[in-house]
Each structure stands twice: as structure tokens, then as C-alpha cells.
Amino acid sequence: MKLITKYNRYLFPALIFLFIISTVSSYYFTRLVLQNELDEILLRSKGRIENYVAINHAVPVISSFDDQKVFFEKITGPIPDSGFTSATQFIPEQNKEHLSRRLVFPLQVNNETYKVTISEPLEGTRHLTILIVKTAIVTIFITLLLLIIVNRKVLEKIWQPFYQSLTAIRSFHINTPDKLELPDSEINEFKLMNGHFKMAAENAVRDYRNLKEFSENASHEIQTPLAIIHSKLDLMVQHENLSEKQSELLRSVYASVNKLSKLQQSLLLLTKIDNRQFQNSGSIELEQELKNKIEQFQDLWYNRGLTCNIQIEKATLHINKELLDILLDNLFANATRHNIANGTIGIKLLQGEMEISNTGIDQQIDPERIFKRFYKGVPNGGNNGLGLSIIKEICEVSAISISYRHVQEMHFFRLTW
Amino acid sequence: MNLLIVEDEPELSQSIATYLFQNKFTCDTALDFSSANSKINAGEYSCIILDLSLPGGSGLELLRRLKKINKTEGVLIISAKNSLDDKIEGLELGADDYLTKPFHLAELSARVNAIIRRKSFDGNNSVVLDKLIINIADKTVMTENGVVELTRKEYELLLYFASNKNRVLTKESIIDHLWGNHAGMCDTYDIIYSHIKNLRKKLVESGCPDYIKAVYGMGYKLTVA
């Protein structure tokens, strides 16, 4: 839900409630005020009648040209209550019943008691109140409509920098050299937010750089002692008179150091790809590269009793040549390593698509995690768990999308570009 | 054959010297930029093994100076950096090959041998190994009984052995040499076994002694007198 919608959901019921209250109360207040006004008029008429009686000692003859009606009624009984009442009155000219306000009071004229009734129609008042209510309702609608428009246009315009900041944050990557660019805003809240965003991004970038620098340095520092160990072992295996036990130990150390070197090289390779150190990509005729690579692996597959299903069409790919070589090496090595005895390897190349498939054990491998570093779906001694990360990384920098799926014992890696 | 090893890590430098000395090379070592510079100016070397990060200067600078004074020594860069820019720059500056640390000494030896063969101007494009004559130019192997038909991998394997004769070659180094570093196929020992078996069989069939022997699970060794 958008903020504006949420805001409107609170605002509009409150406004409508407010308008209803104010309309109802203004209706009653207006009516009250107008009624008081009428009562004043009735009282004034009463005063005039009493004045007339005081001077002339006779009941006045009232010619009624306006809507005010005055009746005199001689009474003998008890003196009636005086006061204001509201009642309907028949107006013969309009042939209509009308609400009217009425004042009743007793009048002494020459020792005779009269009951005087003055009535004034409420008609004008009614029209006025209806008009006021109508005006109020129209005002409500216009106000609400205006509010909606203002919210839509003005608020969205005001919120624009917010959305721009969000877009900038979304496209911001910690490992790209681009700085986080946020739009300027006059609004303090947005300024504050952008300031915090920038600070957080800068901190993250700085931490990331430090960490990267550290791991790169660590990698390089490890390399030299590793090279020394490696070279010493190379010399040691040359010794003629090693006992069988010593040879066994040496063989085991050698194999581990070799694995460590490989791991080290793979990690450095990943860093290099990460750092975009492989520039110089060009359009490469993939079918020839693929055929060469197949030839390199042919005897390995033959040796393992693997059958190869190859379907190659002409295809070009824009990639760094060295990376392509590493990519194919790793794809093929992966398909070979995780294969089963007398299994098959499928290689399919079409324009814009390459699929490498292999038989393997029928085991659920998490397609989400398969490309993660050091993920090992299957325990396998010769595998450092980096091959697929390297594949993934190369695909990422070369704008290739890669997906993994498996159907029973067949595993597919599909590359599209 | 005279080699210069320019490497700031004495232990590594010493290992390289020891191994290559056993392969009938005489080795000079330089541990920093200035001593390397003066040795390059003073002596004649068949090949220079050059580390790029040196105390007192860069190996690339040494390459530039070599080029300036028109020295034609073969240069093999060994670097921990493994940065492509260094590699490209080094090769552009006239280096012949590039090897990333850590490496197998046997691989280093093979590369040095290859550089020296390429640089030799006497048209000697063949390696004589007892009864075998390996022709580098057309990648053929001859015995007195004629041509030995080898597959490409078998030929590469034989040449690798020839560059490291009487030395134990570990399975790992053979795999790396034949299939390169990136494949990560360190669990494919079985394939070496079949390649070596075939190579031995072919050599014996063409009248050679059985040169290649397995060495206690470690690897293989080609022994010639």
C-alpha cells in the first residue's frame, strides 16, 4: 500500500466525519439563529400591539399584506400561557401547509381579555437552511476531490526524490566503482535519509574494500610460502633412498599441498574475475573453441568409459578468450568429475545457447546453492567446491545467464546469451 | 648452460637452483633488483628466471633494460601476482613465458628447456634422449627403427620427461602439464596411468629400453644413462 493511500485512508473518513458534524451542527445553529430572529420579530409585533392598545384602548385592525398573521380571540376562562410554539399553518394563497412560528400572549383591552396569536411562516428559514446544507455538501465533495488531486499530483511530486533515492540504492552495487548518486532535495527528511543512505553506502564500500584488500593480500602472502613448500617437496621426492613409510607420508603431504595450491589459484582467479581484470572481450566463434576443448577431454572421457553426445551448430559469443577457456574447462571438468561409470556427457551448442549435461547420481542438489562457493552437494575428495562458482562468476561478467536443473540422474547446465 | 634466477625469496631461489642444477644447468642467483641488474649487464645467460616483485624495483623494469641493451636472453617470468596486466606487459616487453607461483619445479624445468630450445640459433630443433630423437619442429619421435607413432598427449608427456630426465615427476605435475591448471582435475590419476602405459609400450615396441618407471606411488621417472 502506498503511503499516500494509507494517509488518505485515515484522512478521508476523518474529513467526512468532520464535514457531517459541521453540516449537521451548522444546520441546527442556523435554524436556531433564524428562529430566534423570527421570535424577535414576533416579540416586536407583540410590543407594537401592546403599544397600540395602551394608546387607543382598542384591538388593532391588522391588515395582513405580509405573511405575518395576527388573530385576536376574546376569552373568558383562565389566562392562557404565553410563549413560542412551532406549528403548521395553512397558507391559502399557496394552498399549502407551512411550518410557522407562533407567539401566543394575553392582552387586556378595556377589561376584556384577548388571546393574541401572532404567527410568522418558517418558510424563509427552511429555504435558507436547505441552502446551507446543500452548500456544505457541495463543499465536502469539492474539498475531497481537490484533496485527492493534490495528493496525487503534489505529494507524488514531493515524494519523487524518495523514489529516486530508492532506485539509486537498488542499482547500487558494493563492488562497482560507481559512487552512490542520490538526488538533491529541499525536504529535510529526505536530506536526512539521503545523508544516512550515503553514509551507510560509504561505510559498506569502505569495509568491503578493506576486506577485499585483506583477502587479496592474504592470498598473495600465502602464495610465497606455498611456493616454497611446493618446491621443497619437489626436491624431496627426488631423493633415492626414501623408505616406503616416508614415501607414503610424502605422497600424502604432496597431494594436500597441491590441492591447497589449486584452491589458492581458484580463489585468486575468482578475485580477478570479480575485479573485472579480464577485459579485452571479443566476438568468438564458439563452435571451434568447443571442438578444441572436446578434443582435449576426449581421451579422458574415453578412459572413463563416458559416451559423448555432441550437437554443435555455429554460434558466436562475446567473451574474453581466456575466460572462455576457463569456463569450458570447468564445465567439462564438472561434467566429468560428477559422472558415473559408463555414463554420458551431452554437449549442445546452438546460437545463443549452450547446454552441458551429464549423468550423475540421482540426488537432489539445491539449484539455489549449487553455485555458492565451497558448496559440495556430494562428498568428493578431489573437488574444492569452487568450479561452479568460477563458472557462475565468468557467466556474470560476460552477460551469460546460467541455470541448473536435473531430471533424475541427468544434470543440465544451460547457458544462454 | 647458464641460468640466472632473479627471485627475492632465498628459499625458493635455492630450491629452483638445486633442481635445475640436477638437470645439468648452472645457476646464478640474484635476490634483489640491483644485483640482478648488475649480473644481467655483466654475464651471458641462456635463460633468466625473473620474479616481478623485487626489493628495489620491478622485474618489468629489468625487462625494459634488457630490451634496451639488446640482450636476447630468454626470460621466464615467475610471479605471485598472476595478474593478467603483468603477464601481458611482461610478454610485450619480450619475456618468453609466464609461470604463476606456486609451480612444479618440473614444469619450470620444462618451460626453461623450451625457451632455450626456441632461442638456440644453431638450428638444433631436436632433443636426443639416449636412443630417441625428439624433433620439436614437427613433433615427431624417431628411433633407429624409424618413427614412433605417438598421440599428442603421449608426445607432450615424453617431452616433459625429456626435460626432466632422471627426475621423479609427480602425478600432479603431469596432470597440470598435460591438462593445464584450470581444469582442477586433480583426481584423474587413472588417465595418466593409461597414457604412460601406452607410451612405455610404444617405446619398447620400437626397440627402446623401458625408460619410464613408476616411483612408489609418487609418480614416474624416466631414467637414461
# chains A, B, ... in the order shown; residues from 1 in each chain; ligands from 1
call {"tool": "closest_atom_pairs", "arguments": {"of": "chain A", "to": "chain B", "cutoff": "6 Å", "atoms": "only C-alpha atoms", "output": "CSV"}}
result
residue,atom,partner,partner_atom,distance
A:Ala227,CA,B:Pro102,CA,4.1
A:Ile228,CA,B:Leu12,CA,5.1
A:Ser231,CA,B:Ser15,CA,5.9
A:Gln238,CA,B:Val168,CA,5.6
A:Arg251,CA,B:Met218,CA,5.7
A:Asp329,CA,B:Ala183,CA,5.0
A:Asn330,CA,B:Ala183,CA,5.5
A:Ala333,CA,B:Ala183,CA,5.8
A:Gly382,CA,B:Asp187,CA,5.0
call {"tool": "write_last_selection", "arguments": {"atoms": "C-alpha atoms", "output": "mmCIF file, in the first residue's frame"}}
result
data_model
loop_
_atom_site.group_PDB
_atom_site.id
_atom_site.type_symbol
_atom_site.label_atom_id
_atom_site.label_comp_id
_atom_site.auth_asym_id
_atom_site.auth_seq_id
_atom_site.Cartn_x
_atom_site.Cartn_y
_atom_site.Cartn_z
ATOM 1 C CA ALA A 227 55.581 -21.948 -3.448
ATOM 2 C CA ILE A 228 58.496 -22.701 -1.115
ATOM 3 C CA SER A 231 59.438 -26.537 -4.348
ATOM 4 C CA GLN A 238 63.783 -36.788 -5.909
ATOM 5 C CA ARG A 251 52.899 -38.544 -1.142
ATOM 6 C CA ASP A 329 37.468 -26.331 -18.738
ATOM 7 C CA ASN A 330 35.370 -26.048 -15.618
ATOM 8 C CA ALA A 333 35.643 -30.993 -15.670
ATOM 9 C CA GLY A 382 39.265 -34.116 -5.453
#
call {"tool": "residues_around", "arguments": {"residues": "Val24 in chain A", "least_positions_apart": "2", "cutoff": "12 Å", "atoms": "only C-alpha atoms", "output": "number ranges by chain"}}
result
A: 17-22, 26-31, 129-130, 132-134, 136-137
call {"tool": "atom_distance", "arguments": {"atom1": "CA of Ile49 in chain B", "atom2": "CA of Ile77 in chain B"}}
result
5.9 Å
call {"tool": "residues_around", "arguments": {"residues": "Lys314 in chain A", "least_positions_apart": "3", "cutoff": "9 Å", "atoms": "only C-alpha atoms", "output": "PyMOL selection string"}}
result
chain A and resi 285-288+349-351
call {"tool": "atom_distance", "arguments": {"atom1": "CA of Val397 in chain A", "atom2": "CA of Ala335 in chain A"}}
result
22.2 Å
